[in-house]
>>> print(open('query.cif').read())   # mmCIF, C-alpha atoms
data_work
loop_
_atom_site.group_PDB
_atom_site.id
_atom_site.type_symbol
_atom_site.label_atom_id
_atom_site.label_comp_id
_atom_site.auth_asym_id
_atom_site.auth_seq_id
_atom_site.Cartn_x
_atom_site.Cartn_y
_atom_site.Cartn_z
ATOM 1 C CA MET A 1 -11.335 -5.291 11.453
ATOM 2 C CA GLY A 2 -13.874 -3.144 9.633
ATOM 3 C CA TYR A 3 -14.135 -0.531 12.407
ATOM 4 C CA ILE A 4 -13.592 3.119 11.501
ATOM 5 C CA GLY A 5 -12.477 5.186 14.471
ATOM 6 C CA TYR A 6 -11.107 8.726 14.674
ATOM 7 C CA GLY A 7 -7.601 7.738 13.555
ATOM 8 C CA GLU A 8 -8.858 5.669 10.641
ATOM 9 C CA ALA A 9 -11.231 8.440 9.540
ATOM 10 C CA ILE A 10 -8.531 11.100 9.415
ATOM 11 C CA GLY A 11 -6.191 8.650 7.654
ATOM 12 C CA LEU A 12 -8.771 8.277 4.888
ATOM 13 C CA ALA A 13 -9.381 12.044 4.899
ATOM 14 C CA CYS A 14 -5.645 12.495 4.350
ATOM 15 C CA ALA A 15 -5.876 10.198 1.297
ATOM 16 C CA PHE A 16 -8.671 12.376 -0.117
ATOM 17 C CA ILE A 17 -6.720 15.597 0.469
ATOM 18 C CA TRP A 18 -3.646 14.171 -1.256
ATOM 19 C CA ALA A 19 -5.771 13.095 -4.211
ATOM 20 C CA LEU A 20 -7.188 16.598 -4.527
ATOM 21 C CA ASN A 21 -3.686 18.026 -4.292
ATOM 22 C CA GLY A 22 -2.553 15.709 -7.083
ATOM 23 C CA LEU A 23 -5.146 17.200 -9.432
ATOM 24 C CA ILE A 24 -3.901 20.693 -8.604
ATOM 25 C CA MET A 25 -0.249 19.750 -9.182
ATOM 26 C CA ARG A 26 -0.667 17.727 -12.382
ATOM 27 C CA HIS A 27 0.040 20.601 -14.811
ATOM 28 C CA TYR A 28 3.109 22.003 -13.006
ATOM 29 C CA VAL A 29 5.328 18.960 -12.444
ATOM 30 C CA ALA A 30 7.027 19.219 -15.844
ATOM 31 C CA ALA A 31 7.228 23.028 -15.844
ATOM 32 C CA PHE A 32 9.485 23.617 -12.819
ATOM 33 C CA PRO A 33 12.309 21.799 -11.004
ATOM 34 C CA PRO A 34 10.881 19.314 -8.451
ATOM 35 C CA ALA A 35 12.919 20.839 -5.618
ATOM 36 C CA LEU A 36 11.495 24.299 -6.352
ATOM 37 C CA LEU A 37 7.915 22.970 -6.410
ATOM 38 C CA ASN A 38 8.440 21.219 -3.098
ATOM 39 C CA ALA A 39 10.113 24.262 -1.529
ATOM 40 C CA LEU A 40 7.258 26.593 -2.517
ATOM 41 C CA ARG A 41 4.628 24.162 -1.245
ATOM 42 C CA CYS A 42 6.434 23.551 2.055
ATOM 43 C CA GLY A 43 6.965 27.294 2.538
ATOM 44 C CA ALA A 44 3.250 28.051 2.117
ATOM 45 C CA ALA A 45 2.241 25.202 4.433
ATOM 46 C CA GLY A 46 4.856 26.257 6.994
ATOM 47 C CA LEU A 47 3.430 29.781 6.988
ATOM 48 C CA LEU A 48 -0.033 28.325 7.667
ATOM 49 C CA ALA A 49 1.371 26.349 10.608
ATOM 50 C CA TRP A 50 2.950 29.490 12.092
ATOM 51 C CA LEU A 51 -0.322 31.401 11.740
ATOM 52 C CA LEU A 52 -2.008 28.660 13.768
ATOM 53 C CA MET A 53 0.641 28.614 16.511
ATOM 54 C CA PRO A 54 -1.196 31.129 18.803
ATOM 55 C CA PHE A 55 -3.992 28.548 19.094
ATOM 56 C CA GLN A 56 -1.584 25.784 20.157
ATOM 57 C CA PRO A 57 -0.108 24.888 23.568
ATOM 58 C CA PRO A 58 2.561 27.314 24.872
ATOM 59 C CA LEU A 59 6.026 27.395 23.299
ATOM 60 C CA ALA A 60 7.338 25.863 26.522
ATOM 61 C CA THR A 61 6.057 22.576 25.100
ATOM 62 C CA PHE A 62 9.091 22.537 22.805
ATOM 63 C CA LEU A 63 11.334 22.275 25.862
ATOM 64 C CA GLN A 64 9.811 18.873 26.607
ATOM 65 C CA VAL A 65 11.130 17.460 23.331
ATOM 66 C CA THR A 66 14.245 15.378 23.954
ATOM 67 C CA SER A 67 17.432 15.747 21.941
ATOM 68 C CA PHE A 68 16.822 12.335 20.356
ATOM 69 C CA GLU A 69 13.304 13.355 19.308
ATOM 70 C CA TRP A 70 14.661 16.582 17.741
ATOM 71 C CA VAL A 71 17.152 14.527 15.736
ATOM 72 C CA LEU A 72 14.378 12.188 14.624
ATOM 73 C CA LEU A 73 12.096 15.111 13.717
ATOM 74 C CA VAL A 74 14.710 16.852 11.580
ATOM 75 C CA THR A 75 15.966 13.652 9.954
ATOM 76 C CA SER A 76 12.495 12.292 9.272
ATOM 77 C CA VAL A 77 11.219 15.417 7.527
ATOM 78 C CA LEU A 78 14.360 15.808 5.404
ATOM 79 C CA LEU A 79 14.072 12.147 4.445
ATOM 80 C CA ALA A 80 10.304 11.875 3.850
ATOM 81 C CA VAL A 81 9.489 15.343 2.470
ATOM 82 C CA GLY A 82 12.816 16.764 1.345
ATOM 83 C CA VAL A 83 14.097 13.587 -0.317
ATOM 84 C CA GLY A 84 10.995 11.404 -0.771
ATOM 85 C CA ASP A 85 8.640 14.002 -2.253
ATOM 86 C CA THR A 86 11.367 15.418 -4.500
ATOM 87 C CA LEU A 87 12.255 11.950 -5.812
ATOM 88 C CA TYR A 88 8.571 11.345 -6.489
ATOM 89 C CA MET A 89 8.337 14.521 -8.564
ATOM 90 C CA VAL A 90 11.396 13.444 -10.550
ATOM 91 C CA ALA A 91 9.710 10.079 -11.166
ATOM 92 C CA LEU A 92 6.550 11.870 -12.346
ATOM 93 C CA ARG A 93 8.617 13.774 -14.889
ATOM 94 C CA GLU A 94 10.631 10.773 -16.090
ATOM 95 C CA ILE A 95 8.048 7.960 -16.290
ATOM 96 C CA GLY A 96 4.728 9.765 -15.963
ATOM 97 C CA VAL A 97 1.970 9.759 -13.389
ATOM 98 C CA ALA A 98 0.768 6.176 -13.902
ATOM 99 C CA ARG A 99 4.017 4.289 -13.330
ATOM 100 C CA ALA A 100 5.405 6.707 -10.734
ATOM 101 C CA LEU A 101 2.242 6.426 -8.631
ATOM 102 C CA ALA A 102 2.133 2.640 -8.971
ATOM 103 C CA ILE A 103 5.754 2.166 -7.844
ATOM 104 C CA SER A 104 5.942 4.814 -5.120
ATOM 105 C CA GLY A 105 2.503 3.738 -3.873
ATOM 106 C CA THR A 106 4.127 0.618 -2.395
ATOM 107 C CA PHE A 107 5.384 2.670 0.568
ATOM 108 C CA PRO A 108 3.153 0.861 3.123
ATOM 109 C CA LEU A 109 5.310 -2.219 2.539
ATOM 110 C CA PRO A 110 8.640 -0.515 3.443
ATOM 111 C CA THR A 111 6.861 0.913 6.495
ATOM 112 C CA LEU A 112 5.832 -2.593 7.578
ATOM 113 C CA PHE A 113 9.359 -3.870 6.934
ATOM 114 C CA PHE A 114 11.045 -1.116 8.941
ATOM 115 C CA GLU A 115 8.616 -1.535 11.848
ATOM 116 C CA TRP A 116 9.411 -5.248 11.885
ATOM 117 C CA LEU A 117 13.169 -4.732 11.467
ATOM 118 C CA LEU A 118 13.740 -1.780 13.808
ATOM 119 C CA LEU A 119 10.937 -2.154 16.360
ATOM 120 C CA ASP A 120 10.488 -5.946 16.232
ATOM 121 C CA LYS A 121 6.753 -5.372 15.786
ATOM 122 C CA GLY A 122 4.537 -8.200 14.607
ATOM 123 C CA PHE A 123 1.374 -7.834 12.536
ATOM 124 C CA ALA A 124 -1.760 -9.913 12.165
ATOM 125 C CA GLN A 125 -1.979 -11.913 8.954
ATOM 126 C CA THR A 126 -5.145 -10.084 7.877
ATOM 127 C CA PHE A 127 -3.375 -6.746 8.352
ATOM 128 C CA VAL A 128 -0.479 -7.757 6.079
ATOM 129 C CA ILE A 129 -2.875 -9.143 3.469
ATOM 130 C CA GLY A 130 -4.839 -5.884 3.591
ATOM 131 C CA CYS A 131 -1.662 -3.848 2.983
ATOM 132 C CA VAL A 132 -0.729 -6.009 0.005
ATOM 133 C CA LEU A 133 -4.247 -5.717 -1.456
ATOM 134 C CA VAL A 134 -4.197 -1.922 -1.164
ATOM 135 C CA VAL A 135 -0.798 -1.766 -2.866
ATOM 136 C CA ALA A 136 -2.033 -4.092 -5.633
ATOM 137 C CA GLY A 137 -5.161 -1.980 -6.073
ATOM 138 C CA VAL A 138 -3.110 1.202 -6.335
ATOM 139 C CA ALA A 139 -0.903 -0.450 -8.966
ATOM 140 C CA LEU A 140 -3.947 -1.421 -11.025
ATOM 141 C CA LEU A 141 -5.496 2.030 -10.773
ATOM 142 C CA SER A 142 -2.236 3.724 -11.664
ATOM 143 C CA SER A 143 -1.489 1.558 -14.704
ATOM 144 C CA ARG A 144 -4.944 1.712 -16.256
ATOM 145 C CA GLU A 145 -5.627 3.232 -19.658
ATOM 146 C CA GLN A 146 -6.858 6.795 -19.217
ATOM 147 C CA THR A 147 -9.801 7.248 -21.563
ATOM 148 C CA GLY A 148 -9.760 10.421 -23.592
ATOM 149 C CA ARG A 149 -6.337 11.541 -22.381
ATOM 150 C CA PRO A 150 -2.785 11.037 -23.685
ATOM 151 C CA ARG A 151 -0.731 8.412 -21.926
ATOM 152 C CA ASP A 152 1.959 10.208 -19.959
ATOM 153 C CA VAL A 153 2.857 12.421 -22.908
ATOM 154 C CA SER A 154 4.824 14.734 -20.653
ATOM 155 C CA SER A 155 7.354 11.994 -19.990
ATOM 156 C CA PRO A 156 10.695 12.440 -21.802
ATOM 157 C CA ALA A 157 10.832 8.644 -22.009
ATOM 158 C CA GLN A 158 8.163 8.812 -24.680
ATOM 159 C CA ALA A 159 8.998 12.243 -26.118
ATOM 160 C CA VAL A 160 12.662 11.425 -26.910
ATOM 161 C CA PRO A 161 13.201 7.796 -28.038
ATOM 162 C CA SER A 162 16.987 7.925 -27.504
ATOM 163 C CA ARG A 163 16.486 8.618 -23.802
ATOM 164 C CA ARG A 164 13.852 5.970 -23.094
ATOM 165 C CA ARG A 165 16.053 3.472 -21.324
ATOM 166 C CA LEU A 166 17.932 6.042 -19.223
ATOM 167 C CA SER A 167 14.725 7.883 -18.357
ATOM 168 C CA ALA A 168 12.909 4.656 -17.420
ATOM 169 C CA THR A 169 15.811 3.581 -15.187
ATOM 170 C CA LEU A 170 15.952 6.970 -13.477
ATOM 171 C CA GLY A 171 12.178 7.016 -13.024
ATOM 172 C CA LEU A 172 12.128 3.515 -11.545
ATOM 173 C CA ALA A 173 14.991 4.299 -9.161
ATOM 174 C CA THR A 174 13.507 7.585 -7.959
ATOM 175 C CA ALA A 175 10.007 6.113 -7.497
ATOM 176 C CA LEU A 176 11.442 3.244 -5.429
ATOM 177 C CA GLY A 177 13.599 5.731 -3.535
ATOM 178 C CA ALA A 178 10.504 7.780 -2.727
ATOM 179 C CA SER A 179 8.716 4.667 -1.445
ATOM 180 C CA VAL A 180 11.577 3.695 0.874
ATOM 181 C CA SER A 181 12.109 7.303 2.028
ATOM 182 C CA TRP A 182 8.433 7.721 2.880
ATOM 183 C CA GLY A 183 8.337 4.403 4.733
ATOM 184 C CA LEU A 184 11.388 5.032 6.923
ATOM 185 C CA GLY A 185 10.593 8.737 7.381
ATOM 186 C CA THR A 186 7.066 7.935 8.544
ATOM 187 C CA LEU A 187 8.335 5.492 11.150
ATOM 188 C CA MET A 188 10.803 8.067 12.492
ATOM 189 C CA THR A 189 8.125 10.767 12.575
ATOM 190 C CA THR A 190 5.863 8.599 14.742
ATOM 191 C CA ARG A 191 8.442 8.680 17.536
ATOM 192 C CA ALA A 192 9.522 12.283 16.930
ATOM 193 C CA ILE A 193 6.097 13.918 17.499
ATOM 194 C CA ALA A 194 5.395 12.318 20.884
ATOM 195 C CA GLN A 195 5.606 15.692 22.699
ATOM 196 C CA LEU A 196 4.206 17.981 19.978
ATOM 197 C CA THR A 197 0.882 18.660 18.309
ATOM 198 C CA ALA A 198 0.653 18.201 14.544
ATOM 199 C CA VAL A 199 0.661 21.985 14.008
ATOM 200 C CA GLN A 200 3.712 22.449 16.244
ATOM 201 C CA ALA A 201 5.559 19.679 14.419
ATOM 202 C CA ASN A 202 4.729 21.216 11.036
ATOM 203 C CA SER A 203 5.843 24.661 12.190
ATOM 204 C CA VAL A 204 9.333 23.168 12.478
ATOM 205 C CA ARG A 205 9.275 20.489 9.791
ATOM 206 C CA LEU A 206 7.971 22.380 6.773
ATOM 207 C CA PRO A 207 10.027 25.618 6.935
ATOM 208 C CA LEU A 208 13.093 23.429 7.514
ATOM 209 C CA VAL A 209 12.437 21.459 4.323
ATOM 210 C CA ALA A 210 11.735 24.643 2.325
ATOM 211 C CA ALA A 211 15.054 26.145 3.455
ATOM 212 C CA PHE A 212 16.927 22.901 2.748
ATOM 213 C CA LEU A 213 15.544 22.624 -0.795
ATOM 214 C CA LEU A 214 16.150 26.301 -1.629
ATOM 215 C CA LEU A 215 19.749 25.979 -0.437
ATOM 216 C CA ALA A 216 20.150 22.846 -2.552
ATOM 217 C CA LEU A 217 18.793 24.715 -5.586
ATOM 218 C CA ARG A 218 21.139 27.622 -4.978
ATOM 219 C CA ALA A 219 24.079 25.225 -4.700
ATOM 220 C CA THR A 220 23.251 23.965 -8.194
ATOM 221 C CA GLY A 221 23.225 27.527 -9.553
ATOM 222 C CA TYR A 222 19.474 27.693 -10.157
ATOM 223 C CA SER A 223 17.783 31.005 -9.363
ATOM 224 C CA PRO A 224 13.953 31.003 -9.241
ATOM 225 C CA ARG A 225 13.751 34.805 -9.362
ATOM 226 C CA GLY A 226 11.488 35.916 -12.184
ATOM 227 C CA ARG A 227 10.871 32.338 -13.390
ATOM 228 C CA VAL A 228 7.601 31.653 -11.568
ATOM 229 C CA GLY A 229 4.600 33.729 -12.635
ATOM 230 C CA SER A 230 2.074 35.067 -10.161
ATOM 231 C CA ARG A 231 -0.664 32.607 -11.178
ATOM 232 C CA PRO A 232 1.516 29.454 -10.884
ATOM 233 C CA LEU A 233 2.901 30.801 -7.615
ATOM 234 C CA LEU A 234 -0.604 31.236 -6.222
ATOM 235 C CA ILE A 235 -1.661 27.758 -7.347
ATOM 236 C CA LEU A 236 1.483 26.151 -5.931
ATOM 237 C CA ALA A 237 0.925 27.967 -2.636
ATOM 238 C CA LEU A 238 -2.640 26.644 -2.577
ATOM 239 C CA SER A 239 -1.301 23.170 -3.307
ATOM 240 C CA GLY A 240 1.105 23.511 -0.388
ATOM 241 C CA ILE A 241 -1.615 24.656 2.001
ATOM 242 C CA ILE A 242 -3.912 21.803 0.958
ATOM 243 C CA GLY A 243 -1.419 18.970 0.498
ATOM 244 C CA MET A 244 1.393 19.873 2.899
ATOM 245 C CA GLY A 245 -0.649 21.918 5.366
ATOM 246 C CA VAL A 246 -4.009 20.175 5.794
ATOM 247 C CA GLY A 247 -2.851 16.807 4.427
ATOM 248 C CA SER A 248 0.278 16.685 6.575
ATOM 249 C CA PHE A 249 -1.720 17.722 9.652
ATOM 250 C CA LEU A 250 -4.159 14.843 9.113
ATOM 251 C CA PHE A 251 -1.289 12.438 8.438
ATOM 252 C CA LEU A 252 0.482 13.344 11.690
ATOM 253 C CA GLU A 253 -2.757 13.087 13.658
ATOM 254 C CA ALA A 254 -3.384 9.646 12.190
ATOM 255 C CA LEU A 255 0.174 8.588 13.038
ATOM 256 C CA ARG A 256 -0.418 9.543 16.657
ATOM 257 C CA GLU A 257 -3.717 7.658 16.810
ATOM 258 C CA ILE A 258 -3.193 4.452 14.829
ATOM 259 C CA GLY A 259 0.541 4.122 14.139
ATOM 260 C CA ALA A 260 2.740 4.175 11.060
ATOM 261 C CA ALA A 261 1.742 0.982 9.238
ATOM 262 C CA LYS A 262 -2.020 1.537 9.333
ATOM 263 C CA THR A 263 -1.692 5.262 8.529
ATOM 264 C CA THR A 264 0.490 4.689 5.467
ATOM 265 C CA THR A 265 -1.831 1.963 4.187
ATOM 266 C CA LEU A 266 -4.977 4.076 4.500
ATOM 267 C CA SER A 267 -3.354 7.229 3.084
ATOM 268 C CA SER A 268 -1.881 5.290 0.152
ATOM 269 C CA ALA A 269 -5.438 4.696 -1.084
ATOM 270 C CA SER A 270 -5.510 8.271 -2.420
ATOM 271 C CA PRO A 271 -5.641 7.051 -6.073
ATOM 272 C CA VAL A 272 -9.152 5.736 -5.365
ATOM 273 C CA PHE A 273 -10.280 9.225 -4.391
ATOM 274 C CA GLY A 274 -8.202 10.671 -7.230
ATOM 275 C CA LEU A 275 -10.024 8.503 -9.725
ATOM 276 C CA PHE A 276 -13.456 9.598 -8.504
ATOM 277 C CA LEU A 277 -12.347 13.237 -8.606
ATOM 278 C CA ALA A 278 -10.970 12.777 -12.135
ATOM 279 C CA MET A 279 -14.228 11.166 -13.224
ATOM 280 C CA ALA A 280 -16.221 14.055 -11.759
ATOM 281 C CA VAL A 281 -13.957 16.881 -12.958
ATOM 282 C CA PHE A 282 -12.442 15.571 -16.215
ATOM 283 C CA GLY A 283 -15.085 13.044 -17.251
ATOM 284 C CA GLU A 284 -12.735 10.041 -17.118
ATOM 285 C CA LYS A 285 -14.418 6.632 -17.450
ATOM 286 C CA ALA A 286 -13.952 3.460 -15.430
ATOM 287 C CA ASP A 287 -12.902 0.239 -17.174
ATOM 288 C CA LEU A 288 -12.586 -3.314 -15.844
ATOM 289 C CA ARG A 289 -9.044 -2.691 -14.549
ATOM 290 C CA THR A 290 -10.281 0.372 -12.680
ATOM 291 C CA VAL A 291 -13.150 -1.518 -11.048
ATOM 292 C CA ALA A 292 -10.767 -4.317 -10.011
ATOM 293 C CA GLY A 293 -8.322 -1.806 -8.526
ATOM 294 C CA ILE A 294 -11.052 -0.081 -6.532
ATOM 295 C CA LEU A 295 -12.363 -3.397 -5.192
ATOM 296 C CA LEU A 296 -8.860 -4.495 -4.129
ATOM 297 C CA CYS A 297 -8.321 -1.189 -2.319
ATOM 298 C CA ILE A 298 -11.689 -1.360 -0.566
ATOM 299 C CA VAL A 299 -11.178 -4.957 0.596
ATOM 300 C CA GLY A 300 -7.614 -4.161 1.672
ATOM 301 C CA ILE A 301 -8.716 -1.114 3.662
ATOM 302 C CA TRP A 302 -11.467 -3.157 5.304
ATOM 303 C CA LEU A 303 -8.902 -5.775 6.404
ATOM 304 C CA VAL A 304 -6.558 -3.076 7.733
ATOM 305 C CA LEU A 305 -9.227 -1.268 9.762
#
>>> encode(input="query.cif", output="structure tokens")
Amino acid sequence: MGYIGYGEAIGLACAFIWALNGLIMRHYVAAFPPALLNALRCGAAGLLAWLLMPFQPPLATFLQVTSFEWVLLVTSVLLAVGVGDTLYMVALREIGVARALAISGTFPLPTLFFEWLLLDKGFAQTFVIGCVLVVAGVALLSSREQTGRPRDVSSPAQAVPSRRRLSATLGLATALGASVSWGLGTLMTTRAIAQLTAVQANSVRLPLVAAFLLLALRATGYSPRGRVGSRPLLILALSGIIGMGVGSFLFLEALREIGAAKTTTLSSASPVFGLFLAMAVFGEKADLRTVAGILLCIVGIWLVL
């Protein structure tokens, strides 16, 4: 408790990277379909992984992956990234950043539940308390009043009064769905990457998700051709390289080192880093709720370490 090793350090670094990625993505969530955003980001990150493949162990390493691990790898990435991330983007659009982040940020708890249910793994009482404190801190940070900025004005729930109830229900359901998808997908990924490096795993995972989402978009009749300008495309690609490329690499490394429950708890503290970045970049101010949320996250992380 309180010790920061290699796995813990990269878990926290992952939280910082995801917070930075959130700032980059904030202006594009309402402008494009969530599946398209996710596909573009995964495609850019997958390209980065392939460019790094010559510096990885030989391709013969893939032959060591068992059939069961391949099934887990494919299923986990479709569940966590393909489904989970897309549901989260829908929640952002329907109920805004604050509530979507607060609800989906509970994903360490589904991870704990699935580890207990499927792997019969027990946890120390301090570890469970730490997870709950981090989740509570994230909820406080996400629901705070944002000084000097509109409150979730991009949300149709506030823009169109007649759709408030439907939009709120959809947002709640998709945010909870993202939380559960991330929790179960993370647990499956832990087992799936036993024979692969993080870069090798991403070279398979991310292009697969991009292809899956583009096919899903095409099935709905949506054609992205000519609808994404060069500047948004460049920014979304950068977001993919940072969030999906670097962030996912750190997340997988942390999974290998410290396991699913601890990794999800540490990485879910990204709103703390996001707040500090927002204060530095956008001049946001901290109120009492913000200070309380930060303290809960810090104490919770300390108990988890």
>>> residues_around(input="query.cif", residues="Ala35 of chain A", least_positions_apart="5", cutoff="8 Å", atoms="only C-alpha atoms", output="ChimeraX atom specification")
/A:86,213-214,217
>>> closest_residue(input="query.cif", among="A:Leu277, A:Ile103, A:Val74, A:Ala269", to="Leu208 of chain A", atoms="all atoms listed in the file")
A:Val74
>>> resolve_selection(input="query.cif", expression="the PyMOL selection byres ((chain A and resi 107) around 9)", output="ChimeraX atom specification")
/A:103-106,108-112,135,176,178-183,264-265,268
>>> atom_distance(input="query.cif", atom1="atom CA of Val138 of chain A", atom2="atom CA of Ser270 of chain A")
8.4 Å
>>> resolve_selection(input="query.cif", expression="the PyMOL selection byres ((chain A and resi 121) around 12)", output="JSON, numbers by chain")
{"A": [111, 112, 113, 114, 115, 116, 117, 118, 119, 120, 122, 123, 124, 187, 259, 260, 261]}
>>> resolve_selection(input="query.cif", expression="the PyMOL selection byres ((chain A and resi 15) around 9)", output="list in words")
Ile10, Gly11, Leu12, Ala13, Cys14, Phe16, Ile17, Trp18, Ala19, Leu20, Gly247, Phe251, Leu266, Ser267, Ser268, Ala269, Ser270, Pro271, Val272, Phe273 and Gly274 of chain A
>>> axis_aligned_box(input="query.cif", around="segment 189-195 of chain A", padding_each_side="5 Å", output="AutoDock Vina command-line options")
--center_x 7.5 --center_y 12.1 --center_z 17.6 --size_x 14.1 --size_y 17.1 --size_z 20.1
>>> build_atoms(input="query.cif", residues="segment 5-21 of chain A", atoms="N, CA and C atoms", output="PDB file, keeping the file's coordinate frame")
ATOM      1  N   GLY A   5     -12.551   4.262  13.354  1.00  0.00           N
ATOM      2  CA  GLY A   5     -12.477   5.186  14.471  1.00  0.00           C
ATOM      3  C   GLY A   5     -11.949   6.540  14.018  1.00  0.00           C
ATOM      4  N   TYR A   6     -11.599   7.386  14.989  1.00  0.00           N
ATOM      5  CA  TYR A   6     -11.107   8.726  14.674  1.00  0.00           C
ATOM      6  C   TYR A   6      -9.831   8.660  13.846  1.00  0.00           C
ATOM      7  N   GLY A   7      -8.877   7.829  14.272  1.00  0.00           N
ATOM      8  CA  GLY A   7      -7.601   7.738  13.555  1.00  0.00           C
ATOM      9  C   GLY A   7      -7.777   7.230  12.140  1.00  0.00           C
ATOM     10  N   GLU A   8      -8.618   6.214  11.972  1.00  0.00           N
ATOM     11  CA  GLU A   8      -8.858   5.669  10.641  1.00  0.00           C
ATOM     12  C   GLU A   8      -9.551   6.701   9.741  1.00  0.00           C
ATOM     13  N   ALA A   9     -10.492   7.445  10.323  1.00  0.00           N
ATOM     14  CA  ALA A   9     -11.231   8.440   9.540  1.00  0.00           C
ATOM     15  C   ALA A   9     -10.307   9.539   9.028  1.00  0.00           C
ATOM     16  N   ILE A  10      -9.412  10.036   9.878  1.00  0.00           N
ATOM     17  CA  ILE A  10      -8.531  11.100   9.415  1.00  0.00           C
ATOM     18  C   ILE A  10      -7.441  10.557   8.483  1.00  0.00           C
ATOM     19  N   GLY A  11      -7.109   9.262   8.620  1.00  0.00           N
ATOM     20  CA  GLY A  11      -6.191   8.650   7.654  1.00  0.00           C
ATOM     21  C   GLY A  11      -6.796   8.620   6.266  1.00  0.00           C
ATOM     22  N   LEU A  12      -8.075   8.274   6.174  1.00  0.00           N
ATOM     23  CA  LEU A  12      -8.771   8.277   4.888  1.00  0.00           C
ATOM     24  C   LEU A  12      -8.981   9.702   4.382  1.00  0.00           C
ATOM     25  N   ALA A  13      -9.245  10.638   5.303  1.00  0.00           N
ATOM     26  CA  ALA A  13      -9.381  12.044   4.899  1.00  0.00           C
ATOM     27  C   ALA A  13      -8.078  12.565   4.318  1.00  0.00           C
ATOM     28  N   CYS A  14      -6.960  12.126   4.878  1.00  0.00           N
ATOM     29  CA  CYS A  14      -5.645  12.495   4.350  1.00  0.00           C
ATOM     30  C   CYS A  14      -5.494  11.988   2.916  1.00  0.00           C
ATOM     31  N   ALA A  15      -5.946  10.758   2.650  1.00  0.00           N
ATOM     32  CA  ALA A  15      -5.876  10.198   1.297  1.00  0.00           C
ATOM     33  C   ALA A  15      -6.673  11.055   0.323  1.00  0.00           C
ATOM     34  N   PHE A  16      -7.846  11.530   0.749  1.00  0.00           N
ATOM     35  CA  PHE A  16      -8.671  12.376  -0.117  1.00  0.00           C
ATOM     36  C   PHE A  16      -7.980  13.707  -0.399  1.00  0.00           C
ATOM     37  N   ILE A  17      -7.404  14.312   0.632  1.00  0.00           N
ATOM     38  CA  ILE A  17      -6.720  15.597   0.469  1.00  0.00           C
ATOM     39  C   ILE A  17      -5.543  15.461  -0.488  1.00  0.00           C
ATOM     40  N   TRP A  18      -4.784  14.380  -0.364  1.00  0.00           N
ATOM     41  CA  TRP A  18      -3.646  14.171  -1.256  1.00  0.00           C
ATOM     42  C   TRP A  18      -4.099  13.946  -2.699  1.00  0.00           C
ATOM     43  N   ALA A  19      -5.235  13.286  -2.861  1.00  0.00           N
ATOM     44  CA  ALA A  19      -5.771  13.095  -4.211  1.00  0.00           C
ATOM     45  C   ALA A  19      -6.164  14.430  -4.827  1.00  0.00           C
ATOM     46  N   LEU A  20      -6.811  15.270  -4.055  1.00  0.00           N
ATOM     47  CA  LEU A  20      -7.188  16.598  -4.527  1.00  0.00           C
ATOM     48  C   LEU A  20      -5.949  17.416  -4.868  1.00  0.00           C
ATOM     49  N   ASN A  21      -4.930  17.306  -4.043  1.00  0.00           N
ATOM     50  CA  ASN A  21      -3.686  18.026  -4.292  1.00  0.00           C
ATOM     51  C   ASN A  21      -3.013  17.549  -5.573  1.00  0.00           C
TER      52      ASN A  21
END
